[in-house]
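The next block is data31.cif, given as mmCIF, N, CA and C atoms.
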data_input
loop_
_atom_site.label_atom_id
_atom_site.label_comp_id
_atom_site.auth_asym_id
_atom_site.auth_seq_id
_atom_site.Cartn_x
_atom_site.Cartn_y
_atom_site.Cartn_z
N MET L 1 85.20 71.58 184.53
CA MET L 1 84.49 71.44 183.27
C MET L 1 82.99 71.68 183.48
N LYS L 2 82.45 71.20 184.60
CA LYS L 2 81.03 71.38 184.87
C LYS L 2 80.69 72.87 185.02
N ILE L 3 81.56 73.63 185.68
CA ILE L 3 81.35 75.07 185.84
C ILE L 3 81.39 75.75 184.48
N PHE L 4 82.34 75.36 183.66
CA PHE L 4 82.46 75.94 182.32
C PHE L 4 81.19 75.70 181.51
N LEU L 5 80.66 74.48 181.55
CA LEU L 5 79.45 74.16 180.80
C LEU L 5 78.24 74.92 181.35
N THR L 6 78.19 75.10 182.67
CA THR L 6 77.09 75.85 183.28
C THR L 6 77.14 77.30 182.83
N VAL L 7 78.32 77.91 182.86
CA VAL L 7 78.48 79.30 182.41
C VAL L 7 78.13 79.41 180.94
N LEU L 8 78.58 78.49 180.13
CA LEU L 8 78.30 78.48 178.70
C LEU L 8 76.78 78.39 178.46
N PHE L 9 76.11 77.54 179.22
CA PHE L 9 74.67 77.39 179.09
C PHE L 9 73.95 78.70 179.39
N PHE L 10 74.33 79.36 180.49
CA PHE L 10 73.68 80.62 180.86
C PHE L 10 73.98 81.73 179.86
N LEU L 11 75.18 81.74 179.31
CA LEU L 11 75.50 82.72 178.26
C LEU L 11 74.62 82.49 177.04
N PHE L 12 74.45 81.23 176.66
CA PHE L 12 73.60 80.91 175.52
C PHE L 12 72.16 81.32 175.80
N LEU L 13 71.70 80.98 176.99
CA LEU L 13 70.32 81.30 177.36
C LEU L 13 70.06 82.80 177.34
N SER L 14 70.98 83.57 177.90
CA SER L 14 70.78 85.02 177.93
C SER L 14 70.88 85.62 176.54
N SER L 15 71.77 85.14 175.70
CA SER L 15 71.90 85.71 174.35
C SER L 15 70.76 85.27 173.45
N SER L 16 70.22 84.09 173.67
CA SER L 16 69.13 83.63 172.81
C SER L 16 67.82 84.36 173.11
N HIS L 17 67.71 84.99 174.28
CA HIS L 17 66.51 85.73 174.62
C HIS L 17 66.73 87.24 174.60
N ALA L 18 67.89 87.67 174.14
CA ALA L 18 68.19 89.10 174.12
C ALA L 18 67.24 89.87 173.21
N HIS L 19 66.76 89.21 172.16
CA HIS L 19 65.86 89.86 171.21
C HIS L 19 64.43 89.99 171.74
N LEU L 20 64.14 89.44 172.90
CA LEU L 20 62.78 89.43 173.42
C LEU L 20 62.47 90.64 174.30
N LYS L 21 63.05 91.78 173.99
CA LYS L 21 62.74 93.01 174.72
C LYS L 21 61.27 93.35 174.48
N PRO L 22 60.64 94.00 175.45
CA PRO L 22 59.25 94.41 175.22
C PRO L 22 59.18 95.33 174.00
N HIS L 23 58.18 95.12 173.17
CA HIS L 23 58.06 95.95 171.97
C HIS L 23 57.57 97.35 172.34
N LYS L 24 57.85 98.27 171.48
CA LYS L 24 57.44 99.65 171.72
C LYS L 24 56.01 99.85 171.21
N THR L 25 55.30 100.72 171.90
CA THR L 25 53.94 101.08 171.56
C THR L 25 53.93 102.55 171.17
N TYR L 26 52.98 102.93 170.34
CA TYR L 26 52.81 104.33 169.99
C TYR L 26 51.95 105.02 171.04
N TYR L 27 52.31 106.24 171.37
CA TYR L 27 51.55 107.05 172.33
C TYR L 27 51.32 108.42 171.74
N LYS L 28 50.14 108.97 172.04
CA LYS L 28 49.83 110.35 171.65
C LYS L 28 49.79 111.18 172.93
N VAL L 29 50.56 112.26 172.93
CA VAL L 29 50.56 113.20 174.05
C VAL L 29 49.87 114.46 173.54
N THR L 30 48.76 114.82 174.18
CA THR L 30 48.01 116.02 173.81
C THR L 30 48.30 117.11 174.84
N TYR L 31 48.68 118.27 174.33
CA TYR L 31 49.01 119.41 175.18
C TYR L 31 47.86 120.41 175.19
N THR L 32 47.56 120.94 176.37
CA THR L 32 46.56 122.00 176.52
C THR L 32 47.12 123.05 177.48
N LYS L 33 46.41 124.15 177.62
CA LYS L 33 46.84 125.21 178.54
C LYS L 33 46.85 124.69 179.97
N GLY L 34 47.92 125.00 180.69
CA GLY L 34 48.03 124.61 182.09
C GLY L 34 47.46 125.67 183.01
N LYS L 35 47.46 125.38 184.30
CA LYS L 35 46.87 126.33 185.28
C LYS L 35 47.65 127.63 185.36
N ASN L 36 48.93 127.63 184.97
CA ASN L 36 49.73 128.87 185.02
C ASN L 36 49.87 129.54 183.65
N TRP L 37 49.05 129.16 182.69
CA TRP L 37 49.03 129.80 181.38
C TRP L 37 48.55 131.24 181.56
N ASN L 38 49.24 132.18 180.94
CA ASN L 38 48.86 133.59 181.03
C ASN L 38 48.00 133.94 179.82
N GLU L 39 46.72 134.12 180.05
CA GLU L 39 45.77 134.42 178.96
C GLU L 39 46.07 135.74 178.26
N LYS L 40 46.83 136.61 178.91
CA LYS L 40 47.15 137.92 178.32
C LYS L 40 48.29 137.85 177.32
N LEU L 41 49.01 136.72 177.30
CA LEU L 41 50.18 136.58 176.43
C LEU L 41 49.91 135.60 175.29
N PRO L 42 50.48 135.90 174.09
CA PRO L 42 50.38 134.91 173.01
C PRO L 42 51.26 133.69 173.32
N PHE L 43 51.06 132.65 172.58
CA PHE L 43 51.79 131.39 172.78
C PHE L 43 53.29 131.60 172.91
N LYS L 44 53.89 132.27 171.95
CA LYS L 44 55.35 132.42 171.93
C LYS L 44 55.90 133.24 173.09
N LYS L 45 55.05 134.00 173.76
CA LYS L 45 55.50 134.83 174.88
C LYS L 45 55.28 134.17 176.24
N GLN L 46 54.68 133.00 176.25
CA GLN L 46 54.44 132.29 177.52
C GLN L 46 55.78 131.87 178.13
N ASN L 47 55.85 131.88 179.44
CA ASN L 47 57.05 131.40 180.13
C ASN L 47 57.33 129.95 179.76
N PHE L 48 58.60 129.64 179.55
CA PHE L 48 59.10 128.29 179.30
C PHE L 48 58.67 127.68 177.96
N ILE L 49 57.94 128.41 177.12
CA ILE L 49 57.50 127.85 175.84
C ILE L 49 58.68 127.67 174.88
N GLY L 50 59.61 128.61 174.88
CA GLY L 50 60.80 128.45 174.04
C GLY L 50 61.56 127.19 174.40
N GLU L 51 61.74 126.95 175.70
CA GLU L 51 62.41 125.73 176.17
C GLU L 51 61.60 124.49 175.78
N HIS L 52 60.28 124.58 175.87
CA HIS L 52 59.38 123.47 175.52
C HIS L 52 59.59 123.08 174.06
N VAL L 53 59.56 124.07 173.18
CA VAL L 53 59.74 123.80 171.75
C VAL L 53 61.12 123.21 171.49
N PHE L 54 62.14 123.77 172.09
CA PHE L 54 63.51 123.27 171.92
C PHE L 54 63.62 121.82 172.41
N TYR L 55 63.02 121.52 173.55
CA TYR L 55 63.06 120.17 174.11
C TYR L 55 62.37 119.16 173.18
N LEU L 56 61.20 119.54 172.64
CA LEU L 56 60.51 118.63 171.72
C LEU L 56 61.28 118.44 170.43
N LYS L 57 61.90 119.49 169.93
CA LYS L 57 62.71 119.35 168.71
C LYS L 57 63.89 118.42 168.96
N ASN L 58 64.47 118.49 170.14
CA ASN L 58 65.57 117.60 170.49
C ASN L 58 65.10 116.14 170.55
N LEU L 59 63.93 115.90 171.13
CA LEU L 59 63.38 114.53 171.16
C LEU L 59 63.10 114.03 169.75
N TYR L 60 62.67 114.93 168.87
CA TYR L 60 62.43 114.57 167.48
C TYR L 60 63.75 114.18 166.79
N LYS L 61 64.78 114.97 167.01
CA LYS L 61 66.09 114.66 166.42
C LYS L 61 66.64 113.33 166.91
N GLN L 62 66.29 112.96 168.16
CA GLN L 62 66.71 111.67 168.72
C GLN L 62 65.81 110.52 168.26
N LYS L 63 64.82 110.84 167.43
CA LYS L 63 63.85 109.88 166.88
C LYS L 63 62.98 109.24 167.96
N ILE L 64 62.77 109.98 169.04
CA ILE L 64 61.83 109.56 170.08
C ILE L 64 60.43 110.00 169.68
N ILE L 65 60.31 111.24 169.20
CA ILE L 65 59.04 111.72 168.67
C ILE L 65 58.98 111.35 167.20
N ILE L 66 57.86 110.77 166.79
CA ILE L 66 57.65 110.38 165.39
C ILE L 66 57.16 111.59 164.59
N PHE L 67 56.14 112.27 165.11
CA PHE L 67 55.65 113.49 164.48
C PHE L 67 54.79 114.24 165.49
N GLY L 68 54.43 115.45 165.15
CA GLY L 68 53.58 116.27 166.02
C GLY L 68 52.83 117.27 165.19
N GLY L 69 51.90 117.97 165.82
CA GLY L 69 51.12 118.96 165.09
C GLY L 69 50.13 119.65 166.00
N SER L 70 49.26 120.43 165.39
CA SER L 70 48.20 121.10 166.14
C SER L 70 46.86 120.63 165.62
N ILE L 71 45.86 120.79 166.45
CA ILE L 71 44.52 120.35 166.10
C ILE L 71 43.73 121.59 165.67
N ASP L 72 43.23 121.56 164.44
CA ASP L 72 42.50 122.72 163.88
C ASP L 72 41.41 123.20 164.81
N LYS L 73 41.24 124.51 164.85
CA LYS L 73 40.19 125.20 165.58
C LYS L 73 40.21 124.92 167.08
N THR L 74 41.34 124.49 167.59
CA THR L 74 41.48 124.30 169.04
C THR L 74 42.79 124.95 169.46
N LYS L 75 43.01 124.98 170.71
CA LYS L 75 44.28 125.50 171.23
C LYS L 75 45.18 124.33 171.66
N MET L 76 44.94 123.15 171.10
CA MET L 76 45.70 121.98 171.50
C MET L 76 46.72 121.59 170.44
N SER L 77 47.79 120.99 170.90
CA SER L 77 48.77 120.41 170.01
C SER L 77 49.07 119.00 170.52
N PHE L 78 49.80 118.23 169.72
CA PHE L 78 50.07 116.86 170.11
C PHE L 78 51.39 116.39 169.52
N ILE L 79 51.91 115.32 170.10
CA ILE L 79 53.05 114.60 169.55
C ILE L 79 52.70 113.12 169.57
N VAL L 80 53.31 112.37 168.68
CA VAL L 80 53.20 110.91 168.69
C VAL L 80 54.62 110.38 168.83
N LEU L 81 54.77 109.46 169.75
CA LEU L 81 56.09 108.87 169.97
C LEU L 81 55.96 107.38 170.25
N LYS L 82 57.10 106.71 170.18
CA LYS L 82 57.16 105.28 170.50
C LYS L 82 57.89 105.12 171.82
N ALA L 83 57.34 104.26 172.68
CA ALA L 83 57.98 104.00 173.97
C ALA L 83 57.58 102.61 174.44
N HIS L 84 58.30 102.10 175.41
CA HIS L 84 58.00 100.78 175.96
C HIS L 84 56.81 100.79 176.90
N SER L 85 56.51 101.97 177.49
CA SER L 85 55.42 102.04 178.46
C SER L 85 54.96 103.49 178.62
N LYS L 86 53.80 103.63 179.22
CA LYS L 86 53.29 104.97 179.53
C LYS L 86 54.21 105.65 180.53
N LYS L 87 54.79 104.87 181.43
CA LYS L 87 55.72 105.41 182.41
C LYS L 87 56.95 106.02 181.72
N GLU L 88 57.42 105.37 180.66
CA GLU L 88 58.56 105.92 179.91
C GLU L 88 58.17 107.24 179.24
N VAL L 89 56.96 107.33 178.72
CA VAL L 89 56.48 108.58 178.11
C VAL L 89 56.44 109.68 179.18
N GLU L 90 55.89 109.34 180.35
CA GLU L 90 55.83 110.32 181.44
C GLU L 90 57.21 110.79 181.85
N LYS L 91 58.19 109.91 181.77
CA LYS L 91 59.57 110.28 182.10
C LYS L 91 60.08 111.35 181.12
N PHE L 92 59.81 111.16 179.82
CA PHE L 92 60.21 112.16 178.82
C PHE L 92 59.48 113.48 179.06
N ILE L 93 58.17 113.40 179.27
CA ILE L 93 57.35 114.60 179.40
C ILE L 93 57.69 115.38 180.67
N SER L 94 58.00 114.68 181.74
CA SER L 94 58.27 115.35 183.02
C SER L 94 59.54 116.21 183.00
N LYS L 95 60.40 116.00 182.02
CA LYS L 95 61.63 116.80 181.91
C LYS L 95 61.40 118.14 181.21
N ASP L 96 60.19 118.37 180.76
CA ASP L 96 59.82 119.60 180.05
C ASP L 96 59.45 120.66 181.09
N ASN L 97 60.19 121.77 181.13
CA ASN L 97 59.93 122.83 182.12
C ASN L 97 58.55 123.46 181.99
N ALA L 98 58.01 123.53 180.80
CA ALA L 98 56.67 124.10 180.63
C ALA L 98 55.63 123.21 181.32
N ILE L 99 55.88 121.92 181.37
CA ILE L 99 55.01 120.99 182.10
C ILE L 99 55.25 121.16 183.60
N ALA L 100 56.52 121.13 184.00
CA ALA L 100 56.87 121.23 185.42
C ALA L 100 56.34 122.52 186.05
N GLN L 101 56.29 123.60 185.27
CA GLN L 101 55.81 124.88 185.79
C GLN L 101 54.31 125.10 185.55
N ALA L 102 53.63 124.07 185.05
CA ALA L 102 52.18 124.09 184.80
C ALA L 102 51.75 125.18 183.81
N ILE L 103 52.64 125.52 182.90
CA ILE L 103 52.27 126.44 181.82
C ILE L 103 51.37 125.69 180.84
N ILE L 104 51.73 124.45 180.58
CA ILE L 104 50.89 123.58 179.77
C ILE L 104 50.66 122.28 180.54
N SER L 105 49.56 121.64 180.21
CA SER L 105 49.26 120.34 180.81
C SER L 105 49.19 119.33 179.66
N TYR L 106 49.06 118.08 180.00
CA TYR L 106 49.09 117.05 178.97
C TYR L 106 48.24 115.85 179.37
N SER L 107 47.90 115.06 178.37
CA SER L 107 47.29 113.76 178.60
C SER L 107 47.99 112.78 177.66
N ILE L 108 48.06 111.54 178.07
CA ILE L 108 48.74 110.50 177.29
C ILE L 108 47.74 109.40 176.96
N GLU L 109 47.74 108.99 175.70
CA GLU L 109 46.91 107.87 175.27
C GLU L 109 47.76 106.92 174.44
N SER L 110 47.60 105.62 174.65
CA SER L 110 48.27 104.68 173.75
C SER L 110 47.39 104.57 172.51
N ILE L 111 48.03 104.42 171.37
CA ILE L 111 47.28 104.32 170.12
C ILE L 111 47.73 103.09 169.36
N LYS L 112 46.82 102.54 168.62
CA LYS L 112 47.11 101.37 167.80
C LYS L 112 47.12 101.80 166.35
N ILE L 113 48.23 101.55 165.68
CA ILE L 113 48.36 101.91 164.27
C ILE L 113 47.72 100.79 163.44
N THR L 114 46.69 101.13 162.69
CA THR L 114 46.01 100.12 161.88
C THR L 114 46.30 100.28 160.39
N MET L 115 46.80 101.45 159.99
CA MET L 115 47.16 101.66 158.60
C MET L 115 48.56 102.30 158.57
N PRO L 116 49.60 101.47 158.71
CA PRO L 116 50.95 102.02 158.74
C PRO L 116 51.36 102.58 157.39
N GLN L 117 52.31 103.48 157.44
CA GLN L 117 52.83 104.06 156.20
C GLN L 117 53.59 103.01 155.42
N ILE L 118 53.77 103.24 154.15
CA ILE L 118 54.48 102.29 153.29
C ILE L 118 55.97 102.32 153.56
N LYS L 119 56.55 103.52 153.64
CA LYS L 119 57.97 103.66 153.93
C LYS L 119 58.14 104.42 155.23
N PRO L 120 59.14 104.06 156.03
CA PRO L 120 59.36 104.80 157.28
C PRO L 120 59.75 106.25 157.02
N LEU L 121 59.34 107.13 157.92
CA LEU L 121 59.75 108.52 157.83
C LEU L 121 61.23 108.63 158.05
N ASP L 122 61.88 109.48 157.32
CA ASP L 122 63.32 109.70 157.50
C ASP L 122 63.52 111.06 158.11
N HIS L 123 63.83 111.08 159.40
CA HIS L 123 64.09 112.37 160.05
C HIS L 123 65.28 112.24 160.89
#
Kindly transcribe the structure held in the file into C-alpha cells.
Amino acid sequence: MKIFLTVLFFLFLSSSHAHLKPHKTYYKVTYTKGKNWNEKLPFKKQNFIGEHVFYLKNLYKQKIIIFGGSIDKTKMSFIVLKAHSKKEVEKFISKDNAIAQAIISYSIESIKITMPQIKPLDH
C-alpha cells in the first residue's frame, strides 16, 4: 500500500506540473548575403535559394514561423517565429542548406511583443 501511495503521489506531482513548460519567446531572424553569395546572380538564381524558400514555407505551414518579409531599400529579409530558446531557433536555421553553404547569413534577436494583434493569425 505504501508503494502504491508513493507512486500515486509522484504521478500527481508530475501531472500537476505538466503545464509549467517554459513559455515560448518571439525571435526575429534577419537574413543577409553570406560569404558565398554570387554578386553576378540575381536572388532567385543563387545556389540553394530555392531550397531555402521551400524550407521556410514548410516551417510556416508547421506554424513555427509566424510571418516574414523584406526590409525596404535593403537586401535583407526576416522571419519572426516562436521558440523556447535561441538554441531552438538555431536548430531550425541550421537545417537550411543556404545557411549551411554560406549563401546567406543570419542574426537572431529575441523580441518582446508590446502591442499584440487582436485576433491570432490563421495560417
Could you spell out the hits of the PyMOL selection byres ((chain L and resi 38-49) around 8) on the shown file, as an mmCIF file with N, CA and C atoms, in the coordinates of the input?
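That gives us part-v5.cif:
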data_model
loop_
_atom_site.group_PDB
_atom_site.id
_atom_site.type_symbol
_atom_site.label_atom_id
_atom_site.label_comp_id
_atom_site.auth_asym_id
_atom_site.auth_seq_id
_atom_site.Cartn_x
_atom_site.Cartn_y
_atom_site.Cartn_z
ATOM 1 N N LYS L 33 46.410 124.150 177.620
ATOM 2 C CA LYS L 33 46.840 125.210 178.540
ATOM 3 C C LYS L 33 46.850 124.690 179.970
ATOM 4 N N GLY L 34 47.920 125.000 180.690
ATOM 5 C CA GLY L 34 48.030 124.610 182.090
ATOM 6 C C GLY L 34 47.460 125.670 183.010
ATOM 7 N N LYS L 35 47.460 125.380 184.300
ATOM 8 C CA LYS L 35 46.870 126.330 185.280
ATOM 9 C C LYS L 35 47.650 127.630 185.360
ATOM 10 N N ASN L 36 48.930 127.630 184.970
ATOM 11 C CA ASN L 36 49.730 128.870 185.020
ATOM 12 C C ASN L 36 49.870 129.540 183.650
ATOM 13 N N TRP L 37 49.050 129.160 182.690
ATOM 14 C CA TRP L 37 49.030 129.800 181.380
ATOM 15 C C TRP L 37 48.550 131.240 181.560
ATOM 16 N N GLY L 50 59.610 128.610 174.880
ATOM 17 C CA GLY L 50 60.800 128.450 174.040
ATOM 18 C C GLY L 50 61.560 127.190 174.400
ATOM 19 N N GLU L 51 61.740 126.950 175.700
ATOM 20 C CA GLU L 51 62.410 125.730 176.170
ATOM 21 C C GLU L 51 61.600 124.490 175.780
ATOM 22 N N HIS L 52 60.280 124.580 175.870
ATOM 23 C CA HIS L 52 59.380 123.470 175.520
ATOM 24 C C HIS L 52 59.590 123.080 174.060
ATOM 25 N N VAL L 53 59.560 124.070 173.180
ATOM 26 C CA VAL L 53 59.740 123.800 171.750
ATOM 27 C C VAL L 53 61.120 123.210 171.490
ATOM 28 N N PHE L 54 62.140 123.770 172.090
ATOM 29 C CA PHE L 54 63.510 123.270 171.920
ATOM 30 C C PHE L 54 63.620 121.820 172.410
ATOM 31 N N TYR L 55 63.020 121.520 173.550
ATOM 32 C CA TYR L 55 63.060 120.170 174.110
ATOM 33 C C TYR L 55 62.370 119.160 173.180
ATOM 34 N N ASP L 96 60.190 118.370 180.760
ATOM 35 C CA ASP L 96 59.820 119.600 180.050
ATOM 36 C C ASP L 96 59.450 120.660 181.090
ATOM 37 N N ASN L 97 60.190 121.770 181.130
ATOM 38 C CA ASN L 97 59.930 122.830 182.120
ATOM 39 C C ASN L 97 58.550 123.460 181.990
ATOM 40 N N ALA L 98 58.010 123.530 180.800
ATOM 41 C CA ALA L 98 56.670 124.100 180.630
ATOM 42 C C ALA L 98 55.630 123.210 181.320
ATOM 43 N N ILE L 99 55.880 121.920 181.370
ATOM 44 C CA ILE L 99 55.010 120.990 182.100
ATOM 45 C C ILE L 99 55.250 121.160 183.600
ATOM 46 N N ALA L 102 53.630 124.070 185.050
ATOM 47 C CA ALA L 102 52.180 124.090 184.800
ATOM 48 C C ALA L 102 51.750 125.180 183.810
ATOM 49 N N ILE L 103 52.640 125.520 182.900
ATOM 50 C CA ILE L 103 52.270 126.440 181.820
ATOM 51 C C ILE L 103 51.370 125.690 180.840
ATOM 52 N N ILE L 104 51.730 124.450 180.580
ATOM 53 C CA ILE L 104 50.890 123.580 179.770
ATOM 54 C C ILE L 104 50.660 122.280 180.540
#
Using Å and a single decimal, report how far CA of Ser105 (chain L) sits from CA of Gln62 (chain L).
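Going from CA of Gln62 (chain L) over to CA of Ser105 (chain L), I get 22.9 Å.
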What is the atom N of Gly68 (chain L)-atom N of Leu81 (chain L) distance in Å, reported with one decimal?
7.6 Å
Can you pull out every residue from region 17-85 of chain L that DSSP, working from the backbone, puts in strand (DSSP E or B), and format the result as a list in words?
Thr25, Tyr26, Tyr27, Lys28, Val29, Thr30, Tyr31, Thr32, Lys33, Ile65, Ile66, Phe67, Gly68, Gly69, Ser70, Ser77, Phe78, Ile79, Val80, Leu81, Lys82 and Ala83 of chain L
Got time to write the residues from that selection, N, CA and C atoms, as a compact mmCIF listing (two decimals), in the coordinates of the input?
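The resulting file, part.txt, is shown below:
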# COMPACT_ATOMS: atom_id res chain seq x y z
N THR L 25 55.30 100.72 171.90
CA THR L 25 53.94 101.08 171.56
C THR L 25 53.93 102.55 171.17
N TYR L 26 52.98 102.93 170.34
CA TYR L 26 52.81 104.33 169.99
C TYR L 26 51.95 105.02 171.04
N TYR L 27 52.31 106.24 171.37
CA TYR L 27 51.55 107.05 172.33
C TYR L 27 51.32 108.42 171.74
N LYS L 28 50.14 108.97 172.04
CA LYS L 28 49.83 110.35 171.65
C LYS L 28 49.79 111.18 172.93
N VAL L 29 50.56 112.26 172.93
CA VAL L 29 50.56 113.20 174.05
C VAL L 29 49.87 114.46 173.54
N THR L 30 48.76 114.82 174.18
CA THR L 30 48.01 116.02 173.81
C THR L 30 48.30 117.11 174.84
N TYR L 31 48.68 118.27 174.33
CA TYR L 31 49.01 119.41 175.18
C TYR L 31 47.86 120.41 175.19
N THR L 32 47.56 120.94 176.37
CA THR L 32 46.56 122.00 176.52
C THR L 32 47.12 123.05 177.48
N LYS L 33 46.41 124.15 177.62
CA LYS L 33 46.84 125.21 178.54
C LYS L 33 46.85 124.69 179.97
N ILE L 65 60.31 111.24 169.20
CA ILE L 65 59.04 111.72 168.67
C ILE L 65 58.98 111.35 167.20
N ILE L 66 57.86 110.77 166.79
CA ILE L 66 57.65 110.38 165.39
C ILE L 66 57.16 111.59 164.59
N PHE L 67 56.14 112.27 165.11
CA PHE L 67 55.65 113.49 164.48
C PHE L 67 54.79 114.24 165.49
N GLY L 68 54.43 115.45 165.15
CA GLY L 68 53.58 116.27 166.02
C GLY L 68 52.83 117.27 165.19
N GLY L 69 51.90 117.97 165.82
CA GLY L 69 51.12 118.96 165.09
C GLY L 69 50.13 119.65 166.00
N SER L 70 49.26 120.43 165.39
CA SER L 70 48.20 121.10 166.14
C SER L 70 46.86 120.63 165.62
N SER L 77 47.79 120.99 170.90
CA SER L 77 48.77 120.41 170.01
C SER L 77 49.07 119.00 170.52
N PHE L 78 49.80 118.23 169.72
CA PHE L 78 50.07 116.86 170.11
C PHE L 78 51.39 116.39 169.52
N ILE L 79 51.91 115.32 170.10
CA ILE L 79 53.05 114.60 169.55
C ILE L 79 52.70 113.12 169.57
N VAL L 80 53.31 112.37 168.68
CA VAL L 80 53.20 110.91 168.69
C VAL L 80 54.62 110.38 168.83
N LEU L 81 54.77 109.46 169.75
CA LEU L 81 56.09 108.87 169.97
C LEU L 81 55.96 107.38 170.25
N LYS L 82 57.10 106.71 170.18
CA LYS L 82 57.16 105.28 170.50
C LYS L 82 57.89 105.12 171.82
N ALA L 83 57.34 104.26 172.68
CA ALA L 83 57.98 104.00 173.97
C ALA L 83 57.58 102.61 174.44
Show which residues sit within 7 Å of Tyr27 (chain L), as a list in words. Count only N, CA and C atoms, and ignore same-chain residues fewer than 6 positions away.
Ile79, Val80, Leu81, Lys82, Ala83, Ile108, Glu109, Ser110 and Ile111 of chain L
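Applying the 6 Å criterion to (57.4, 115.8, 175.8) in file coordinates and using only N, CA and C atoms, one obtains the residues Leu56, Phe92 and Ile93 of chain L.
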Which residues in region 8-100 of chain L does DSSP call helix (DSSP H, G or I)? List them as an MDAnalysis selection string.
chainID L and resid 8:16 43:45 49:61 86:94 97:100
What is the distance, in Å and to one decimal place, between atom C of Tyr31 (chain L) and CA of Ser70 (chain L)?
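Pair atom C of Tyr31 (chain L) / CA of Ser70 (chain L) returns 9.1 Å.
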Using only C-alpha atoms: which of L:Gln101, L:Leu59, L:Phe78, L:Lys112 has the shortest distance to Lys28 (chain L)
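Using only C-alpha atoms, the shortest distance to Lys28 (chain L) belongs to L:Phe78.
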Could you check which of L:Asn58, L:Thr74, L:Glu90, L:His84 is closest to Tyr26 (chain L), using only N, CA and C atoms?
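Among L:Asn58, L:Thr74, L:Glu90, L:His84, it is L:His84 that comes nearest to Tyr26 (chain L).
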Using only C-alpha atoms: which of L:Lys73, L:Lys57, L:Lys24, L:Lys63 has the shortest distance to Lys86 (chain L):
L:Lys24
